[in-house]
Every structure is written in structure tokens, then in C-alpha cells.
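*Asks:* Input structure: work17.cif, which contains mmCIF, C-alpha atoms and all ligand atoms.
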```cif
data_coords
loop_
_atom_site.label_atom_id
_atom_site.label_comp_id
_atom_site.auth_asym_id
_atom_site.auth_seq_id
_atom_site.Cartn_x
_atom_site.Cartn_y
_atom_site.Cartn_z
CA MET A 1 -104.26 102.83 -25.58
CA THR A 2 -105.43 105.76 -27.68
CA ALA A 3 -107.29 104.59 -30.77
CA THR A 4 -106.41 105.81 -34.27
CA ARG A 5 -108.96 106.49 -37.00
CA SER A 6 -108.07 103.21 -38.74
CA THR A 7 -111.07 101.62 -40.46
CA LEU A 8 -109.42 98.19 -40.81
CA THR A 9 -112.18 95.55 -40.95
CA HIS A 10 -110.63 92.19 -41.91
CA LEU A 11 -108.06 90.38 -44.03
CA SER A 12 -108.84 88.66 -47.29
CA CYS A 13 -106.77 86.33 -49.42
CA SER A 14 -105.43 87.84 -52.63
CA ARG A 15 -105.90 84.49 -54.37
CA CYS A 16 -108.77 82.43 -52.95
CA GLY A 17 -110.75 85.30 -51.41
CA GLU A 18 -111.14 83.66 -47.98
CA ASN A 19 -111.70 86.21 -45.18
CA TYR A 20 -109.94 86.32 -41.80
CA ASP A 21 -110.18 88.26 -38.56
CA ALA A 22 -107.64 91.09 -38.60
CA ASN A 23 -107.13 90.93 -34.83
CA GLN A 24 -105.01 87.81 -34.95
CA LEU A 25 -101.46 87.29 -36.13
CA MET A 26 -101.40 86.02 -39.68
CA ASN A 27 -98.75 85.17 -42.23
CA LEU A 28 -99.85 83.65 -45.57
CA CYS A 29 -103.41 82.45 -46.20
CA PRO A 30 -103.84 79.18 -44.26
CA ALA A 31 -106.03 77.84 -47.09
CA CYS A 32 -103.83 78.48 -50.14
CA ALA A 33 -100.50 79.92 -48.88
CA LYS A 34 -100.87 83.17 -50.84
CA PRO A 35 -100.60 86.75 -49.49
CA LEU A 36 -103.37 88.21 -47.34
CA LEU A 37 -104.52 91.77 -47.93
CA ALA A 38 -105.94 94.24 -45.41
CA ARG A 39 -109.49 95.49 -46.03
CA TYR A 40 -111.11 98.66 -44.72
CA ASP A 41 -114.50 100.26 -44.28
CA LEU A 42 -113.75 102.70 -47.08
CA PRO A 43 -117.12 104.50 -47.06
CA LYS A 44 -116.47 105.28 -43.40
CA ALA A 45 -112.85 106.27 -44.12
CA ALA A 46 -114.07 108.60 -46.89
CA GLN A 47 -116.05 110.65 -44.37
CA THR A 48 -112.87 112.02 -42.82
CA LEU A 49 -110.10 111.20 -45.34
CA THR A 50 -110.87 113.91 -47.88
CA ARG A 51 -108.82 116.16 -50.13
CA ALA A 52 -109.67 119.08 -47.85
CA SER A 53 -108.92 117.36 -44.54
CA LEU A 54 -105.55 116.18 -45.83
CA GLN A 55 -104.34 119.76 -46.19
CA GLY A 56 -103.89 120.20 -42.47
CA ARG A 57 -102.34 116.84 -41.71
CA GLU A 58 -98.84 115.83 -40.68
CA SER A 59 -96.13 115.44 -43.31
CA SER A 60 -95.73 111.71 -43.01
CA LEU A 61 -97.51 108.61 -44.26
CA TRP A 62 -99.66 108.75 -41.12
CA ARG A 63 -101.73 111.41 -42.87
CA TYR A 64 -103.66 108.48 -44.42
CA GLU A 65 -104.44 107.01 -40.99
CA GLU A 66 -108.00 105.89 -41.85
CA ALA A 67 -106.66 103.62 -44.60
CA LEU A 68 -103.81 102.20 -42.50
CA PRO A 69 -104.00 99.16 -40.21
CA ILE A 70 -102.49 100.49 -36.98
CA GLN A 71 -105.14 100.63 -34.25
CA SER A 72 -103.42 102.55 -31.45
CA GLN A 73 -101.17 105.59 -31.29
CA GLU A 74 -98.69 103.45 -29.36
CA GLY A 75 -98.49 101.17 -32.40
CA GLN A 76 -97.54 104.08 -34.66
CA LEU A 77 -93.77 103.70 -34.29
CA LYS A 78 -93.05 107.10 -35.76
CA LEU A 79 -89.55 107.89 -36.99
CA GLY A 80 -90.62 110.33 -39.71
CA GLU A 81 -91.53 107.88 -42.49
CA GLY A 82 -93.19 108.85 -45.75
CA TRP A 83 -94.24 112.12 -47.41
CA THR A 84 -90.96 112.09 -49.32
CA PRO A 85 -90.45 114.73 -52.01
CA LEU A 86 -91.51 114.29 -55.62
CA ILE A 87 -88.66 116.12 -57.30
CA CYS A 88 -88.69 117.58 -60.82
CA ALA A 89 -85.80 115.97 -62.69
CA GLY A 90 -85.07 119.28 -64.48
CA THR A 91 -82.17 119.09 -66.91
CA LEU A 92 -82.17 115.29 -66.66
CA GLY A 93 -85.66 115.25 -68.18
CA ALA A 94 -84.48 117.58 -70.94
CA GLU A 95 -81.42 115.47 -71.67
CA ILE A 96 -83.30 112.20 -72.00
CA GLY A 97 -86.15 113.80 -73.96
CA CYS A 98 -88.90 113.57 -71.35
CA PRO A 99 -89.26 116.93 -69.58
CA ASN A 100 -92.03 115.77 -67.24
CA THR A 101 -89.84 113.32 -65.38
CA LEU A 102 -90.22 113.29 -61.61
CA ILE A 103 -88.24 111.44 -58.96
CA LYS A 104 -89.98 110.12 -55.87
CA ASP A 105 -87.01 110.31 -53.55
CA GLU A 106 -87.43 107.56 -50.99
CA SER A 107 -83.90 107.97 -49.66
CA ARG A 108 -85.30 110.47 -47.14
CA ASN A 109 -87.01 107.75 -45.17
CA PRO A 110 -85.73 106.51 -41.78
CA THR A 111 -82.81 104.09 -42.38
CA GLY A 112 -82.35 105.58 -45.86
CA SER A 113 -84.72 103.44 -47.88
CA PHE A 114 -88.41 102.96 -48.58
CA LYS A 115 -88.34 99.69 -46.63
CA ALA A 116 -89.18 101.89 -43.63
CA ARG A 117 -92.71 102.38 -44.94
CA GLY A 118 -93.46 98.69 -44.98
CA LEU A 119 -91.69 97.73 -41.79
CA VAL A 120 -93.25 100.47 -39.67
CA MET A 121 -96.63 98.83 -40.40
CA ALA A 122 -95.51 95.20 -40.06
CA VAL A 123 -93.63 95.75 -36.81
CA GLY A 124 -96.25 98.15 -35.43
CA ARG A 125 -99.08 95.72 -36.07
CA ALA A 126 -97.10 92.78 -34.68
CA TYR A 127 -96.40 94.85 -31.57
CA GLU A 128 -100.11 95.64 -31.19
CA LEU A 129 -100.96 91.96 -31.49
CA GLY A 130 -98.56 90.98 -28.70
CA VAL A 131 -95.48 89.79 -30.60
CA ARG A 132 -92.21 90.04 -28.65
CA GLU A 133 -89.66 88.87 -31.28
CA VAL A 134 -89.58 89.60 -35.01
CA ALA A 135 -87.43 87.98 -37.69
CA ILE A 136 -86.57 88.66 -41.31
CA PRO A 137 -84.48 87.28 -44.17
CA SER A 138 -82.99 90.31 -45.92
CA ALA A 139 -80.14 91.40 -48.14
CA GLY A 140 -79.97 94.70 -46.33
CA ASN A 141 -82.52 97.49 -46.35
CA ALA A 142 -85.48 95.55 -44.98
CA ALA A 143 -83.32 94.28 -42.14
CA GLY A 144 -82.20 97.79 -41.21
CA ALA A 145 -85.76 99.07 -41.25
CA MET A 146 -87.09 96.15 -39.22
CA SER A 147 -84.30 96.61 -36.68
CA ALA A 148 -85.08 100.30 -36.30
CA TYR A 149 -88.78 99.79 -35.63
CA ALA A 150 -88.18 96.80 -33.38
CA ALA A 151 -85.81 98.98 -31.36
CA LYS A 152 -88.41 101.72 -31.18
CA ALA A 153 -91.06 99.23 -29.99
CA GLY A 154 -88.71 97.43 -27.61
CA LEU A 155 -88.96 94.10 -29.47
CA SER A 156 -86.14 91.62 -30.12
CA ALA A 157 -85.05 91.53 -33.76
CA HIS A 158 -83.47 88.60 -35.64
CA VAL A 159 -81.88 89.20 -39.03
CA TYR A 160 -80.75 86.51 -41.51
CA MET A 161 -78.55 88.06 -44.17
CA PRO A 162 -76.54 86.61 -47.08
CA ARG A 163 -72.86 86.54 -46.10
CA ASP A 164 -71.93 88.60 -49.17
CA ALA A 165 -74.29 91.48 -48.31
CA PRO A 166 -72.37 94.75 -47.86
CA ALA A 167 -70.85 95.03 -44.37
CA LEU A 168 -72.56 98.29 -43.62
CA PHE A 169 -75.96 96.59 -43.59
CA GLN A 170 -74.74 94.30 -40.82
CA VAL A 171 -73.29 97.27 -38.97
CA GLU A 172 -76.60 99.12 -39.19
CA CYS A 173 -78.63 96.19 -37.84
CA ARG A 174 -76.23 95.53 -34.99
CA ALA A 175 -76.20 99.21 -34.05
CA LEU A 176 -79.98 98.96 -33.87
CA ALA A 177 -79.68 96.03 -31.44
CA ALA A 178 -80.64 93.21 -33.86
CA GLN A 179 -79.16 89.71 -33.70
CA VAL A 180 -77.53 89.21 -37.11
CA THR A 181 -76.89 85.74 -38.58
CA LEU A 182 -74.92 85.50 -41.82
CA VAL A 183 -76.02 82.78 -44.24
CA ASP A 184 -74.01 81.22 -47.10
CA GLY A 185 -76.43 81.66 -49.97
CA LEU A 186 -79.14 83.92 -51.33
CA ILE A 187 -82.06 85.65 -49.69
CA THR A 188 -84.21 82.59 -50.43
CA ASP A 189 -81.79 80.49 -48.32
CA CYS A 190 -82.10 83.05 -45.54
CA GLY A 191 -85.87 82.66 -45.83
CA THR A 192 -85.57 78.92 -45.22
CA LYS A 193 -83.50 79.56 -42.10
CA VAL A 194 -86.01 82.06 -40.76
CA ARG A 195 -88.87 79.60 -41.25
CA GLU A 196 -87.00 76.98 -39.20
CA LYS A 197 -86.40 79.41 -36.36
CA VAL A 198 -89.92 80.75 -36.41
CA GLU A 199 -91.26 77.22 -35.89
CA GLN A 200 -88.72 76.55 -33.18
CA PHE A 201 -88.97 79.78 -31.17
CA GLY A 202 -92.32 81.33 -32.08
CA TRP A 203 -90.79 84.47 -33.59
CA PHE A 204 -92.93 86.43 -36.03
CA ASP A 205 -91.76 86.45 -39.66
CA VAL A 206 -92.09 89.87 -41.35
CA SER A 207 -90.88 88.73 -44.80
CA THR A 208 -92.30 90.71 -47.68
CA LEU A 209 -95.94 89.78 -48.46
CA LYS A 210 -95.72 86.89 -45.97
CA GLU A 211 -97.55 89.07 -43.51
CA PRO A 212 -100.35 91.43 -44.55
CA TYR A 213 -99.11 94.84 -43.44
CA ARG A 214 -95.85 95.73 -45.20
CA ILE A 215 -97.84 96.31 -48.35
CA GLU A 216 -100.08 98.70 -46.41
CA GLY A 217 -97.11 100.89 -45.62
CA LYS A 218 -95.77 100.72 -49.15
CA LYS A 219 -99.13 101.58 -50.70
CA THR A 220 -98.85 105.08 -49.24
CA MET A 221 -96.41 105.88 -52.07
CA GLY A 222 -99.43 105.70 -54.37
CA TYR A 223 -101.47 108.02 -52.16
CA GLU A 224 -98.58 110.47 -51.93
CA ILE A 225 -97.81 110.64 -55.65
CA VAL A 226 -101.43 111.42 -56.50
CA GLU A 227 -101.76 114.02 -53.74
CA GLN A 228 -98.41 115.62 -54.63
CA LEU A 229 -99.46 115.87 -58.29
CA GLY A 230 -102.55 117.82 -57.23
CA TRP A 231 -104.89 114.81 -57.48
CA ARG A 232 -103.70 113.82 -60.94
CA LEU A 233 -102.19 110.48 -61.84
CA PRO A 234 -98.93 110.27 -63.77
CA ASP A 235 -98.93 108.48 -67.14
CA VAL A 236 -96.23 106.04 -66.11
CA ILE A 237 -94.72 104.84 -62.80
CA ILE A 238 -91.37 103.04 -63.04
CA TYR A 239 -90.62 100.78 -60.11
CA PRO A 240 -87.45 98.76 -59.47
CA THR A 241 -89.00 95.44 -58.54
CA GLY A 242 -87.76 92.79 -56.12
CA GLY A 243 -90.59 91.32 -54.05
CA GLY A 244 -92.97 93.79 -55.67
CA THR A 245 -94.55 95.05 -52.44
CA GLY A 246 -94.54 98.67 -53.53
CA LEU A 247 -95.91 98.02 -56.98
CA VAL A 248 -98.71 95.81 -55.71
CA GLY A 249 -99.30 98.27 -52.88
CA MET A 250 -99.65 101.30 -55.14
CA TRP A 251 -102.03 99.38 -57.40
CA LYS A 252 -104.16 98.60 -54.32
CA ALA A 253 -103.93 102.24 -53.21
CA PHE A 254 -105.42 103.54 -56.46
CA ASP A 255 -108.43 101.24 -56.07
CA GLU A 256 -108.96 102.38 -52.48
CA MET A 257 -108.65 106.02 -53.52
CA GLU A 258 -111.25 105.51 -56.23
CA GLN A 259 -113.60 103.83 -53.77
CA MET A 260 -113.18 106.79 -51.42
CA GLY A 261 -113.94 109.22 -54.23
CA LEU A 262 -110.45 110.77 -54.14
CA ILE A 263 -109.75 109.89 -57.80
CA GLY A 264 -111.65 108.47 -60.76
CA SER A 265 -111.00 105.36 -62.83
CA GLU A 266 -107.81 106.66 -64.47
CA ARG A 267 -104.61 104.71 -63.78
CA PRO A 268 -100.92 105.01 -64.63
CA ARG A 269 -99.11 102.35 -66.66
CA MET A 270 -96.99 100.43 -64.18
CA VAL A 271 -93.46 99.41 -65.18
CA SER A 272 -91.32 96.83 -63.37
CA VAL A 273 -87.58 97.21 -63.86
CA GLN A 274 -85.31 94.34 -62.88
CA SER A 275 -81.65 93.50 -63.30
CA SER A 276 -80.68 91.35 -66.28
CA GLY A 277 -78.90 89.18 -63.67
CA CYS A 278 -82.19 88.48 -61.86
CA ALA A 279 -85.31 89.12 -63.92
CA PRO A 280 -87.99 86.53 -63.04
CA MET A 281 -90.87 89.00 -63.50
CA VAL A 282 -89.60 90.17 -66.88
CA ARG A 283 -89.36 86.60 -68.14
CA ALA A 284 -92.81 85.65 -66.80
CA PHE A 285 -94.34 88.84 -68.21
CA ASN A 286 -92.86 88.24 -71.65
CA GLU A 287 -93.95 84.61 -71.67
CA GLY A 288 -97.49 85.54 -70.65
CA ARG A 289 -97.38 83.50 -67.45
CA GLU A 290 -99.51 83.93 -64.35
CA PHE A 291 -96.69 82.93 -61.97
CA ALA A 292 -92.92 83.42 -62.26
CA GLU A 293 -90.42 80.59 -62.12
CA THR A 294 -87.48 80.92 -59.74
CA TRP A 295 -84.47 82.66 -61.33
CA GLN A 296 -81.36 80.50 -61.12
CA GLY A 297 -77.94 82.01 -60.33
CA ALA A 298 -79.25 85.46 -59.41
CA HIS A 299 -76.57 88.14 -59.35
CA THR A 300 -76.74 91.94 -59.37
CA VAL A 301 -75.17 94.85 -57.50
CA ALA A 302 -78.71 96.05 -56.73
CA ASP A 303 -79.33 94.08 -53.53
CA GLY A 304 -83.01 95.05 -53.45
CA LEU A 305 -83.52 93.44 -56.86
CA ARG A 306 -81.76 90.18 -56.03
CA VAL A 307 -85.02 88.32 -55.39
CA PRO A 308 -85.14 85.09 -57.44
CA ALA A 309 -88.69 84.18 -56.37
CA ALA A 310 -91.46 86.45 -55.06
CA VAL A 311 -94.56 85.14 -53.23
CA GLY A 312 -96.56 87.96 -54.75
CA ASP A 313 -95.42 87.20 -58.31
CA PHE A 314 -98.97 86.80 -59.65
CA LEU A 315 -100.03 90.09 -58.05
CA ILE A 316 -97.13 91.93 -59.69
CA LEU A 317 -97.88 90.40 -63.09
CA GLN A 318 -101.59 91.15 -62.67
CA ALA A 319 -100.93 94.82 -61.84
CA LEU A 320 -98.58 95.20 -64.79
CA ARG A 321 -101.11 93.72 -67.20
CA GLU A 322 -104.21 95.44 -65.83
CA SER A 323 -102.43 98.79 -66.06
CA GLY A 324 -101.22 98.28 -69.61
CA GLY A 325 -97.68 98.26 -68.23
CA ILE A 326 -94.53 96.36 -69.02
CA ALA A 327 -91.53 94.67 -67.38
CA ILE A 328 -87.96 95.25 -68.57
CA ALA A 329 -84.46 94.26 -67.51
CA VAL A 330 -81.42 96.56 -67.42
CA THR A 331 -77.79 95.70 -66.81
CA ASP A 332 -75.77 96.54 -63.71
CA ALA A 333 -73.53 98.73 -65.88
CA GLU A 334 -76.56 100.74 -66.98
CA MET A 335 -77.54 101.18 -63.34
CA LEU A 336 -74.12 102.41 -62.24
CA GLY A 337 -73.78 104.80 -65.18
CA ASN A 338 -77.28 106.18 -64.73
CA ALA A 339 -76.76 106.68 -61.00
CA GLU A 340 -74.02 109.18 -61.81
CA ARG A 341 -76.17 110.73 -64.49
CA MET A 342 -79.05 111.23 -62.06
CA GLY A 343 -76.67 112.62 -59.46
CA ARG A 344 -75.04 115.07 -61.87
CA HIS A 345 -78.31 116.52 -63.11
CA THR A 346 -80.62 116.41 -60.13
CA GLY A 347 -78.60 116.44 -56.92
CA VAL A 348 -80.10 113.09 -55.95
CA PHE A 349 -77.47 110.36 -55.48
CA PRO A 350 -79.53 107.23 -56.04
CA ALA A 351 -79.04 103.59 -55.14
CA PRO A 352 -78.47 101.34 -58.18
CA GLU A 353 -82.13 100.31 -57.87
CA GLY A 354 -83.16 103.96 -58.26
CA ALA A 355 -80.84 104.33 -61.22
CA ALA A 356 -82.45 101.21 -62.71
CA SER A 357 -85.72 103.11 -63.04
CA LEU A 358 -83.92 105.81 -65.04
CA ALA A 359 -82.22 103.18 -67.21
CA GLY A 360 -85.61 101.60 -67.83
CA GLN A 361 -87.16 104.94 -68.74
CA ILE A 362 -84.40 105.64 -71.26
CA ARG A 363 -84.96 102.26 -72.91
CA LEU A 364 -88.72 102.81 -73.07
CA LEU A 365 -88.28 106.30 -74.54
CA GLU A 366 -86.01 104.85 -77.22
CA SER A 367 -88.49 102.13 -78.10
CA GLY A 368 -91.36 104.65 -78.24
CA TRP A 369 -93.27 102.92 -75.43
CA ILE A 370 -93.05 106.18 -73.44
CA GLN A 371 -93.83 109.42 -75.33
CA SER A 372 -91.78 112.54 -74.70
CA ASP A 373 -94.78 114.51 -73.42
CA GLU A 374 -95.81 111.97 -70.80
CA THR A 375 -95.48 112.43 -67.05
CA VAL A 376 -93.21 109.76 -65.65
CA VAL A 377 -92.48 109.04 -61.99
CA LEU A 378 -89.20 107.28 -61.25
CA PHE A 379 -88.55 105.70 -57.88
CA ASN A 380 -85.29 106.26 -56.10
CA THR A 381 -85.79 103.60 -53.47
CA CYS A 382 -82.69 104.17 -51.32
CA THR A 383 -79.79 106.52 -50.79
CA GLY A 384 -76.70 105.87 -52.92
CA LEU A 385 -74.64 106.31 -49.75
CA LYS A 386 -75.54 102.78 -48.66
CA TYR A 387 -73.93 101.56 -51.89
CA ALA A 388 -70.96 103.90 -51.96
CA HIS A 389 -68.64 100.86 -52.13
CA LEU A 390 -69.83 100.28 -55.72
CA TRP A 391 -68.26 103.50 -56.94
CA ALA A 392 -65.31 103.64 -54.53
C1 LIG G 1 -86.39 96.11 -51.44
C2 LIG G 1 -85.86 97.08 -52.41
C3 LIG G 1 -86.40 97.20 -53.69
C4 LIG G 1 -87.51 96.31 -54.18
O1 LIG G 1 -88.73 96.62 -53.53
P1 LIG G 1 -89.96 95.63 -53.60
O2 LIG G 1 -91.14 96.42 -53.18
O3 LIG G 1 -89.68 94.48 -52.70
O4 LIG G 1 -90.08 95.15 -55.03
C5 LIG G 1 -85.89 98.17 -54.51
N1 LIG G 1 -84.88 98.99 -54.12
C6 LIG G 1 -84.33 98.90 -52.89
C7 LIG G 1 -83.22 99.82 -52.53
C8 LIG G 1 -84.79 97.95 -52.00
O5 LIG G 1 -84.25 97.87 -50.79
#
```
Represent the structure of the file as C-alpha cells.
*Replies:*
Amino acid sequence: MTATRSTLTHLSCSRCGENYDANQLMNLCPACAKPLLARYDLPKAAQTLTRASLQGRESSLWRYEEALPIQSQEGQLKLGEGWTPLICAGTLGAEIGCPNTLIKDESRNPTGSFKARGLVMAVGRAYELGVREVAIPSAGNAAGAMSAYAAKAGLSAHVYMPRDAPALFQVECRALAAQVTLVDGLITDCGTKVREKVEQFGWFDVSTLKEPYRIEGKKTMGYEIVEQLGWRLPDVIIYPTGGGTGLVGMWKAFDEMEQMGLIGSERPRMVSVQSSGCAPMVRAFNEGREFAETWQGAHTVADGLRVPAAVGDFLILQALRESGGIAIAVTDAEMLGNAERMGRHTGVFPAPEGAASLAGQIRLLESGWIQSDETVVLFNTCTGLKYAHLWA
């Protein structure tokens, strides 16, 4: 095994603060059942992870190796993830009255969505710690990404997917050698099934925020945005939020970057966009709650946003509030219309989730919450091709 420059030291609970050895397999905190977060020796990482050293590094998320958990080169299951372009929205920005609008185009990731960033870490770390079989409840993109990295690592993959998920997601997972089980119900019902099987067969559950490393992959979006903006932070980041891994991850990334001296104390305002058919974070944010209640009867064409309950709900709400951000809901019709609008102006054909960020930005420009001279980063989290059936 060839060691990486990872400075991973331990895991700590995001809620109760209890510390754990990072060299053992962990899901939620055994003490309080909340997400565990990876911790690093950041002063040590800062010796080699510098603005200057980054200039010569590979164009992938592995450029931030010191601040990533993977310990061996064999555990870096590289398929070309990360370092996606930050594209100037051009005439789209002009049309909506916000010229400094940028699109972080995550559709370029392996398997076509930003789920690759999280799953390359979760599967890679599980592989390093001796896991042979991984499992996931997923409406689509996470399952595809898990299947890809499990295939790369030679692990068995088990996917539990709602029966009404688009057929192509099943096709993708099966092509990548995963065992796919269709479940009558929502992603939360799939989660229940996975928990049963995990107990029965000793598989490892890589559900979002139920293991510590997916967030570590997703946080690299924060590192990349800042580096791509020439070490400046945008004023606003708009993130289509399901489980919230990326939002919580980026918020963690900015703290790490500050501790390593890469940035100062400045922060963007973080915005969660959800579908009006499934908006638990928006409701909890507006009601001033610390945790979000489960959303009943969730429905939206944006599969990545159809998450009625998130284990990291309090972390999402905390990041929104600490950043001076906001949570808003947009309709499916707004998503579909704005997907075409983004496509027409920018050449990026987004998933409905990506279009949701644009719909959210338009609302926030209208209400005056975003000013026309601000720099706004929108996330396109997946290629529209995976959702082509919605426009067909
Ligand atoms: C999973 C997913 C999301 C939501 O991401 P989280 O980090 O879980 O909030 C958004 N868009 C797409 C396309 C997704 O697959």
C-alpha cells in the first residue's frame, strides 16, 4: 500500500462532540445517533496544501489530498471526479439581472452527477477498512455512483430503489454489476429495507451522512469554487438540497480552509432550494426550528430533492443560519421551464435540481434578497440527459 498525504486524525460527532478512532468502520455516532465528521491535522496539512502547491496538481478533487480521508493510493478509486468547470452564465446572467452568475457544472462527474464525489470517498474508505459489500437506498444518482466505485474496487453492491424511479437509473446500476431491489415506497422506505439487510448480512450502509466520508468528497466543491474564483468567495451559493451533504460539506470546507490559512473569515450566504412538493428544510427554516419534521406525501420530478427526512437536518439549518442564508421552495414547473432557459443561454442542459437553483435565484433577485451586482454560484448537480424523459 502506498500512503497518501491524508492528515486524517479521528472522527468526532457533529452533535455530542464524542471522538472516535478513524481506523474503524463507523456509521452514525453510537452515543447519540447523529452524523460523525472527519477531523484532520490541519496545521500539518497546511505545510503542503498551499495556494502555490495547488497550481501543479492534478485536475480532480484529489488535489486536496491532505484534507481527504483516503489513506492509500489503492483506496483512491479514480474515475476522474471533481474539478468541474465554474462556467460564466453569460447572457443568462444579463437576462435575469445578475451578470455575475456562475454555474458549477457537476454533470461532468463520473456517472453524470455530483454523487460521484461523495461515493468515491465512502466506497474508497470502506474498501480500505476491509468491507466487501456495500449497500444504499437511493432514488437514482447515489446508487449509480456507488455502483461505479464498487465495481472499480471489486466490491459487491446492493441498491434499494423506489419502484417509480426512472428506469435508466436501474439500467445504470445493473450495467455496473449492482444487485438492484425495487421497493414500493419512498427513499425512506428503501432506507428501512437497507437497515434490515445490513443487520442480517453485515453489508456496509453508505447512506448520506450515515457514514462519515461522503461529506468529505462533497466538501471539495467548496475548495474548488474558492480556488477557481482566484481565492475569493462568492456572495451567494445556491444549492438544491436533499440530504444536504454538499451544503454541510462546503460549510465545513470553508472552516478548514480558514484554519489552513487559505482564506480569511469571509463566507458566502448559503441558500437551500427545495421543491414545493418536498420542502422540509424550508418549513423548518421558516419556523425557526433546530430539526426538521418529516415531509408527508413527498412528490417532485427532481429525484435528488425527494428526501422527506434528512439525518443532517440540524447541520443544514445551522449552516444556513450561520451564513446569513435562506431556504426557499420552487415548483416543478419552475424547474422544468428554467432548465430550458439555462440550456438556451448557456449550453448547459441541467437536471431539474440544477434548474431549481436558477429558479431560486430568480425569486431571490425579485425579492431583493440578492442584489444585481453580487456574485452568485448556482449548482447544476447532474446532467439533464438522465432526466430526458421529463421533456420527451
Ligand atoms: C442527491 C442530489 C441532490 C441533493 O444533494 P444533497 O447533497 O443530498 O442535498 C441534488 N441534485 C441531484 C441531481 C442529486 O442527485
*Asks:* What are the centre and the three edge lengths of an axis-aligned box that wraps all atoms of range 249-265 of chain A in the file, given that 5 Å is added to every side, written as lines of an AutoDock Vina configuration file and rounded to one decimal in Å?
*Replies:*
```
center_x = -106.6
center_y = 104.5
center_z = -57.1
size_x = 24.6
size_y = 22.5
size_z = 21.4
```
*Asks:* Could you pull out the residues sitting within 7 Å of ligand LIG 1 (chain G), using all atoms listed in the file, and write them as a VMD selection string?
*Replies:* chain A and resid 113 to 115 140 to 142 208 240 to 247 303 to 305 351 353 to 354 381 to 382
*Asks:* Have a look at A:Gly384, A:Pro268, A:Gly368, A:Gly80 and name the one nearest to Cys98 in chain A; count only C-alpha atoms.
*Replies:*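 Looking only at the distances to Cys98 in chain A, the closest residue turns out to be A:Gly368.
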*Asks:* What is the CA of Leu68 in chain A to CA of Asn23 in chain A distance in Å?
*Replies:* 14.0 Å
*Asks:* Calculated over all atoms listed in the file, which of the candidates A:Thr220, A:Ser53, A:Ser323, A:Thr300 has the smallest distance to Arg267 in chain A?
*Replies:*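 Of all the options, A:Ser323 lies closest to Arg267 in chain A.
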*Asks:* List the spatial neighbours of range 126-129 of chain A as a list of chain:residue names - criterion: any atom at most 8 Å away, all atoms listed in the file, same-chain residues fewer than 6 positions off excluded.
*Replies:*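 Within the cut-off, the hits are A:Asn23, A:Gln24, A:Leu25, A:Ile70, A:Gln71, A:Ser72, A:Gly75, A:Ala153, A:Leu155, A:Phe204.
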*Asks:* Between A:Gly360, A:Lys386, A:Ala150, A:His345, which is the closest to Glu95 in chain A once you count all atoms listed in the file?
*Replies:* A:His345
*Asks:* I'd like the interatomic distance between CA of Ile103 in chain A and CA of Trp369 in chain A, to a tenth of an Å.
*Replies:* 19.2 Å
*Asks:* Using all atoms listed in the file, pick whichever of A:Met221, A:Ala139, A:Ala145, A:Ile87 has the shortest atom-to-atom distance to Tyr160 in chain A.
*Replies:* A:Ala139
*Asks:* At what distance in Å, to one decimal, does CA of Ala143 in chain A lie from CA of Arg306 in chain A?
*Replies:*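 CA of Ala143 in chain A lies at a distance of 14.6 Å from CA of Arg306 in chain A.
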*Asks:* For Leu61 in chain A, which of A:Ile225, A:Ala33, A:Leu317, A:Val311 is the closest residue, counting all atoms listed in the file?
*Replies:*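 Looking at the shortest contact to Leu61 in chain A, the residue is A:Ile225.
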*Asks:* Kindly extract all protein, DNA and RNA residues lying within 12 Å of the coordinates (-91.5, 106.7, -74.9) given in the file, considering only C-alpha atoms, and supply them as an MDAnalysis selection string.
*Replies:* chainID A and resid 96:101 235:236 360:376
*Asks:* Could you dump the residues just selected with C-alpha atoms as a PDB file, in the frame of the given file?
*Replies:*
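Result written to again02.pdb:
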```
ATOM      1  CA  ILE A  96     -83.300 112.200 -72.000  1.00  0.00           C
ATOM      2  CA  GLY A  97     -86.150 113.800 -73.960  1.00  0.00           C
ATOM      3  CA  CYS A  98     -88.900 113.570 -71.350  1.00  0.00           C
ATOM      4  CA  PRO A  99     -89.260 116.930 -69.580  1.00  0.00           C
ATOM      5  CA  ASN A 100     -92.030 115.770 -67.240  1.00  0.00           C
ATOM      6  CA  THR A 101     -89.840 113.320 -65.380  1.00  0.00           C
ATOM      7  CA  ASP A 235     -98.930 108.480 -67.140  1.00  0.00           C
ATOM      8  CA  VAL A 236     -96.230 106.040 -66.110  1.00  0.00           C
ATOM      9  CA  GLY A 360     -85.610 101.600 -67.830  1.00  0.00           C
ATOM     10  CA  GLN A 361     -87.160 104.940 -68.740  1.00  0.00           C
ATOM     11  CA  ILE A 362     -84.400 105.640 -71.260  1.00  0.00           C
ATOM     12  CA  ARG A 363     -84.960 102.260 -72.910  1.00  0.00           C
ATOM     13  CA  LEU A 364     -88.720 102.810 -73.070  1.00  0.00           C
ATOM     14  CA  LEU A 365     -88.280 106.300 -74.540  1.00  0.00           C
ATOM     15  CA  GLU A 366     -86.010 104.850 -77.220  1.00  0.00           C
ATOM     16  CA  SER A 367     -88.490 102.130 -78.100  1.00  0.00           C
ATOM     17  CA  GLY A 368     -91.360 104.650 -78.240  1.00  0.00           C
ATOM     18  CA  TRP A 369     -93.270 102.920 -75.430  1.00  0.00           C
ATOM     19  CA  ILE A 370     -93.050 106.180 -73.440  1.00  0.00           C
ATOM     20  CA  GLN A 371     -93.830 109.420 -75.330  1.00  0.00           C
ATOM     21  CA  SER A 372     -91.780 112.540 -74.700  1.00  0.00           C
ATOM     22  CA  ASP A 373     -94.780 114.510 -73.420  1.00  0.00           C
ATOM     23  CA  GLU A 374     -95.810 111.970 -70.800  1.00  0.00           C
ATOM     24  CA  THR A 375     -95.480 112.430 -67.050  1.00  0.00           C
ATOM     25  CA  VAL A 376     -93.210 109.760 -65.650  1.00  0.00           C
TER      26      VAL A 376
END
```
*Asks:* Which one of A:Ala298, A:Arg125, A:Val226, A:Arg5 sits closest to Glu65 in chain A if you count all atoms listed in the file?
*Replies:*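 That would be A:Arg5, the residue with the smallest distance to Glu65 in chain A.
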*Asks:* Need the neighbours of (-83.1, 106.6, -40.1): which residues are at most 8 Å away, counting only C-alpha atoms, as a PyMOL selection string?
*Replies:* chain A and resi 79+109-112+148
*Asks:* Using all atoms listed in the file, which protein or nucleic acid residues come within 8 Å of range 284-297 of chain A? Drop anything in the same chain fewer than 5 positions from it, and give the result as a CSV table (one decimal) with C-alpha atoms, in the frame of the given file.
*Replies:*
```
chain,number,residue,atom,x,y,z
A,277,GLY,CA,-78.9,89.2,-63.7
A,278,CYS,CA,-82.2,88.5,-61.9
A,279,ALA,CA,-85.3,89.1,-63.9
A,308,PRO,CA,-85.1,85.1,-57.4
A,309,ALA,CA,-88.7,84.2,-56.4
A,310,ALA,CA,-91.5,86.4,-55.1
A,313,ASP,CA,-95.4,87.2,-58.3
A,314,PHE,CA,-99.0,86.8,-59.6
A,317,LEU,CA,-97.9,90.4,-63.1
A,318,GLN,CA,-101.6,91.2,-62.7
A,326,ILE,CA,-94.5,96.4,-69.0
A,327,ALA,CA,-91.5,94.7,-67.4
```
